[in-house]
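Accompanying notes for the structure given below.
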Amino acid sequence: MSTDQPGTTVLMAGGSGLIGSALADDLASRGSRVRRLVRRAPRGEDEVSWSPQDGVLPDAAFEGVDTVVVLSGAGVGDKRWNAARKRELLRSRTSTTSLVARRMAELGGPQRLLTASAVGYYGSRGDTELVETDAPGEGFLADLCQAWEAAAQPARDAGIAVATARTGLVLTPGGGALGKLLPLLKLGLAGPLGGGKQWWPWISLTDEIRALVHLIGSDVTGPVNLTAPEPLRNAELTRVLAKALNRPATVPVP
């Protein structure tokens, strides 16, 4: 299935977020139809109401759909990680992914599912180079990503082709980590986070969308790391961004 072929229909959960909205626009520009799952009353023919917390996802959402994309999940960097926030980060990912996977298994299709995950799956591994076949790491993010990816198991068990996008830090001026960092950089108040030696596997929003479009239209299955070829340490990335803005980046951030 090619996403450049007119008539291709993609069902998307999480279509209003930073990545989801950009992906929906790109798919539409290629002649594909995007049907969004929304948690309110539909505002048009290309929206279907659902309720992950109540386990409600109507059969009609899947009619004529070629591929399902699930990008739902509360923002990891939006709030402090207290116990309640950690539960929300987990619930917002697993409840949506598992409901979609179960319903696809029950209905016998569509035959392709693309789910989101993150490079946090590998945990903190120092200077070790990591590939998709490496084991998961330790810590909250690693546990979160393992549960997130496991939520799609009903679809895999039903023989549906499942691809999992393990994404790095998505950089775009319009939001995400860079959106929060840019105002500080412009004021000359940004610097390395902590020691600054931690690796930041990053990817531009443009390349992220291109990679997701490729996965939607391909027969690739399993986990796929979506990051730029050259990861940077936090201090290096901050320094490069500050130089581009002609600002200093020397004061460490606790």
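FYI, nothing fancy with the structure tokens labels: chains A, B, ... in order, residues from 1 per chain, ligands from 1 as they appear.
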
DSSP strand (DSSP E or B) residues within range 63-143 of chain A, listed as a PyMOL selection string: chain A and resi 67-70+112-118

Expected answer as a ChimeraX atom specification: alpha helix (DSSP H) residues in range 82-238 of chain A: /A:83-107,140-150,153-157,176-186,205-217,234-238

Would you output that residue set with C-alpha atoms, as a CSV table (one decimal), in the first residue's frame?
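File written: result-v3.csv
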```csv
chain,number,residue,atom,x,y,z
A,83,ALA,CA,2.9,9.2,41.2
A,84,ALA,CA,-0.4,10.4,39.7
A,85,ARG,CA,1.3,11.8,36.6
A,86,LYS,CA,3.2,8.5,36.1
A,87,ARG,CA,-0.1,6.6,36.2
A,88,GLU,CA,-1.6,9.1,33.6
A,89,LEU,CA,1.4,8.7,31.3
A,90,LEU,CA,1.0,4.9,31.4
A,91,ARG,CA,-2.8,4.9,31.2
A,92,SER,CA,-3.0,7.3,28.3
A,93,ARG,CA,-0.8,5.1,26.2
A,94,THR,CA,-1.8,1.6,27.1
A,95,SER,CA,-5.6,2.1,27.2
A,96,THR,CA,-5.7,3.6,23.7
A,97,THR,CA,-3.3,1.2,22.1
A,98,SER,CA,-4.8,-1.9,23.7
A,99,LEU,CA,-8.4,-0.9,22.7
A,100,VAL,CA,-7.4,-0.3,19.1
A,101,ALA,CA,-5.5,-3.6,19.0
A,102,ARG,CA,-8.4,-5.6,20.6
A,103,ARG,CA,-11.0,-4.2,18.2
A,104,MET,CA,-8.8,-4.8,15.2
A,105,ALA,CA,-8.3,-8.4,16.3
A,106,GLU,CA,-12.1,-8.8,16.9
A,107,LEU,CA,-12.9,-7.4,13.5
A,140,PHE,CA,10.3,4.4,34.5
A,141,LEU,CA,10.6,5.3,30.8
A,142,ALA,CA,11.8,1.8,29.9
A,143,ASP,CA,9.0,0.3,31.9
A,144,LEU,CA,6.5,2.7,30.3
A,145,CYS,CA,7.6,1.9,26.7
A,146,GLN,CA,7.6,-1.9,27.4
A,147,ALA,CA,4.0,-1.7,28.6
A,148,TRP,CA,3.1,0.6,25.7
A,149,GLU,CA,4.4,-1.8,23.1
A,150,ALA,CA,2.9,-4.8,24.8
A,153,GLN,CA,-0.2,-7.7,21.4
A,154,PRO,CA,-3.8,-8.6,20.6
A,155,ALA,CA,-3.3,-7.3,17.0
A,156,ARG,CA,0.0,-9.3,16.6
A,157,ASP,CA,-1.7,-12.4,17.9
A,176,GLY,CA,8.2,19.7,22.0
A,177,ALA,CA,11.6,20.0,23.7
A,178,LEU,CA,12.9,22.6,21.3
A,179,GLY,CA,9.7,24.7,21.6
A,180,LYS,CA,10.4,25.0,25.3
A,181,LEU,CA,14.1,25.5,24.9
A,182,LEU,CA,14.1,28.2,22.2
A,183,PRO,CA,12.7,31.0,24.4
A,184,LEU,CA,15.5,30.5,26.9
A,185,LEU,CA,18.1,30.2,24.2
A,186,LYS,CA,17.0,33.5,22.6
A,205,LEU,CA,9.8,16.8,12.8
A,206,THR,CA,10.1,16.7,9.0
A,207,ASP,CA,12.1,13.5,9.1
A,208,GLU,CA,9.8,12.0,11.7
A,209,ILE,CA,6.8,12.5,9.5
A,210,ARG,CA,8.6,11.1,6.4
A,211,ALA,CA,9.6,8.0,8.4
A,212,LEU,CA,6.1,7.5,9.7
A,213,VAL,CA,4.7,7.9,6.1
A,214,HIS,CA,7.2,5.3,4.9
A,215,LEU,CA,6.2,2.9,7.7
A,216,ILE,CA,2.5,3.4,6.9
A,217,GLY,CA,3.0,2.5,3.3
A,234,ASN,CA,22.8,17.4,25.6
A,235,ALA,CA,25.6,20.0,26.0
A,236,GLU,CA,26.5,19.7,22.3
A,237,LEU,CA,23.0,20.1,21.1
A,238,THR,CA,22.4,23.1,23.3
```

Nearest to Gly137 in chain A, chosen from A:Ala151, A:Gly195, A:Gly120, A:Pro248, with only C-alpha atoms counted in the distances: A:Gly120

All residues 6 Å or closer to range 66-80 of chain A, only C-alpha atoms, same chain fewer than 3 positions away omitted, as a PyMOL selection string: chain A and resi 9-14+89+92-93+110+112-116

Output the selection as a CSV table (one decimal), in the first residue's frame - N, CA, C and O atoms for each residue.
```
chain,number,residue,atom,x,y,z
A,9,THR,N,-7.0,5.2,3.0
A,9,THR,CA,-7.6,5.7,4.2
A,9,THR,C,-6.8,5.3,5.4
A,9,THR,O,-6.6,4.1,5.6
A,10,VAL,N,-6.5,6.3,6.3
A,10,VAL,CA,-5.7,6.0,7.5
A,10,VAL,C,-6.6,6.4,8.7
A,10,VAL,O,-7.1,7.6,8.7
A,11,LEU,N,-6.8,5.5,9.6
A,11,LEU,CA,-7.5,5.9,10.9
A,11,LEU,C,-6.4,6.2,11.9
A,11,LEU,O,-5.5,5.5,12.1
A,12,MET,N,-6.6,7.4,12.6
A,12,MET,CA,-5.5,7.9,13.5
A,12,MET,C,-6.1,8.2,14.8
A,12,MET,O,-7.1,9.0,15.0
A,13,ALA,N,-5.4,7.7,15.9
A,13,ALA,CA,-5.7,8.1,17.2
A,13,ALA,C,-4.5,9.0,17.7
A,13,ALA,O,-3.4,8.6,17.4
A,14,GLY,N,-4.8,10.1,18.3
A,14,GLY,CA,-3.8,11.1,18.6
A,14,GLY,C,-3.4,12.0,17.5
A,14,GLY,O,-2.3,12.5,17.4
A,89,LEU,N,0.5,8.9,32.4
A,89,LEU,CA,1.4,8.7,31.3
A,89,LEU,C,1.2,7.2,30.8
A,89,LEU,O,1.2,7.0,29.6
A,92,SER,N,-2.7,6.7,29.6
A,92,SER,CA,-3.0,7.3,28.3
A,92,SER,C,-2.4,6.6,27.1
A,92,SER,O,-2.9,6.8,26.0
A,93,ARG,N,-1.4,5.8,27.3
A,93,ARG,CA,-0.8,5.1,26.2
A,93,ARG,C,-1.3,3.7,26.1
A,93,ARG,O,-1.7,3.3,25.0
A,110,PRO,N,-8.4,-3.6,10.1
A,110,PRO,CA,-7.4,-3.6,9.0
A,110,PRO,C,-6.2,-4.4,9.3
A,110,PRO,O,-5.9,-4.8,10.4
A,112,ARG,N,-3.0,-3.6,9.0
A,112,ARG,CA,-1.7,-2.9,9.3
A,112,ARG,C,-2.0,-1.9,10.5
A,112,ARG,O,-2.9,-1.1,10.4
A,113,LEU,N,-1.1,-2.0,11.5
A,113,LEU,CA,-1.2,-1.1,12.6
A,113,LEU,C,0.2,-0.5,12.9
A,113,LEU,O,1.2,-1.2,13.0
A,114,LEU,N,0.3,0.8,13.0
A,114,LEU,CA,1.5,1.5,13.4
A,114,LEU,C,1.3,2.2,14.7
A,114,LEU,O,0.4,3.0,14.9
A,115,THR,N,2.1,1.8,15.7
A,115,THR,CA,2.0,2.3,17.0
A,115,THR,C,3.2,3.1,17.4
A,115,THR,O,4.3,2.9,16.9
A,116,ALA,N,3.0,4.1,18.3
A,116,ALA,CA,4.1,4.9,18.8
A,116,ALA,C,4.8,4.2,20.0
A,116,ALA,O,4.2,3.5,20.8
```

Nearest candidate to Ala228 in chain A (options A:Arg247, A:Val170, A:Ser51, A:Gln111; using only C-alpha atoms): A:Val170

Closest of A:Ile160, A:Glu129, A:Val38, A:Gly194 to Pro229 in chain A - atom-to-atom distances counting only C-alpha atoms: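 Nearest to Pro229 in chain A: A:Glu129.
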
Pairwise distance for CA of Leu18 in chain A and CA of Gly174 in chain A, rounded to one decimal in Å: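 We find that CA of Leu18 in chain A and CA of Gly174 in chain A lie 8.2 Å from each other.
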
Option closest in space to Leu189 in chain A, from A:Arg40, A:Glu45, A:Thr8, A:Ala249 [counting only C-alpha atoms]: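 Closest residue, counting only C-alpha atoms: A:Ala249.
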
One-decimal distance in Å that lies between CA of Ala41 in chain A and CA of Val65 in chain A: 20.5 Å
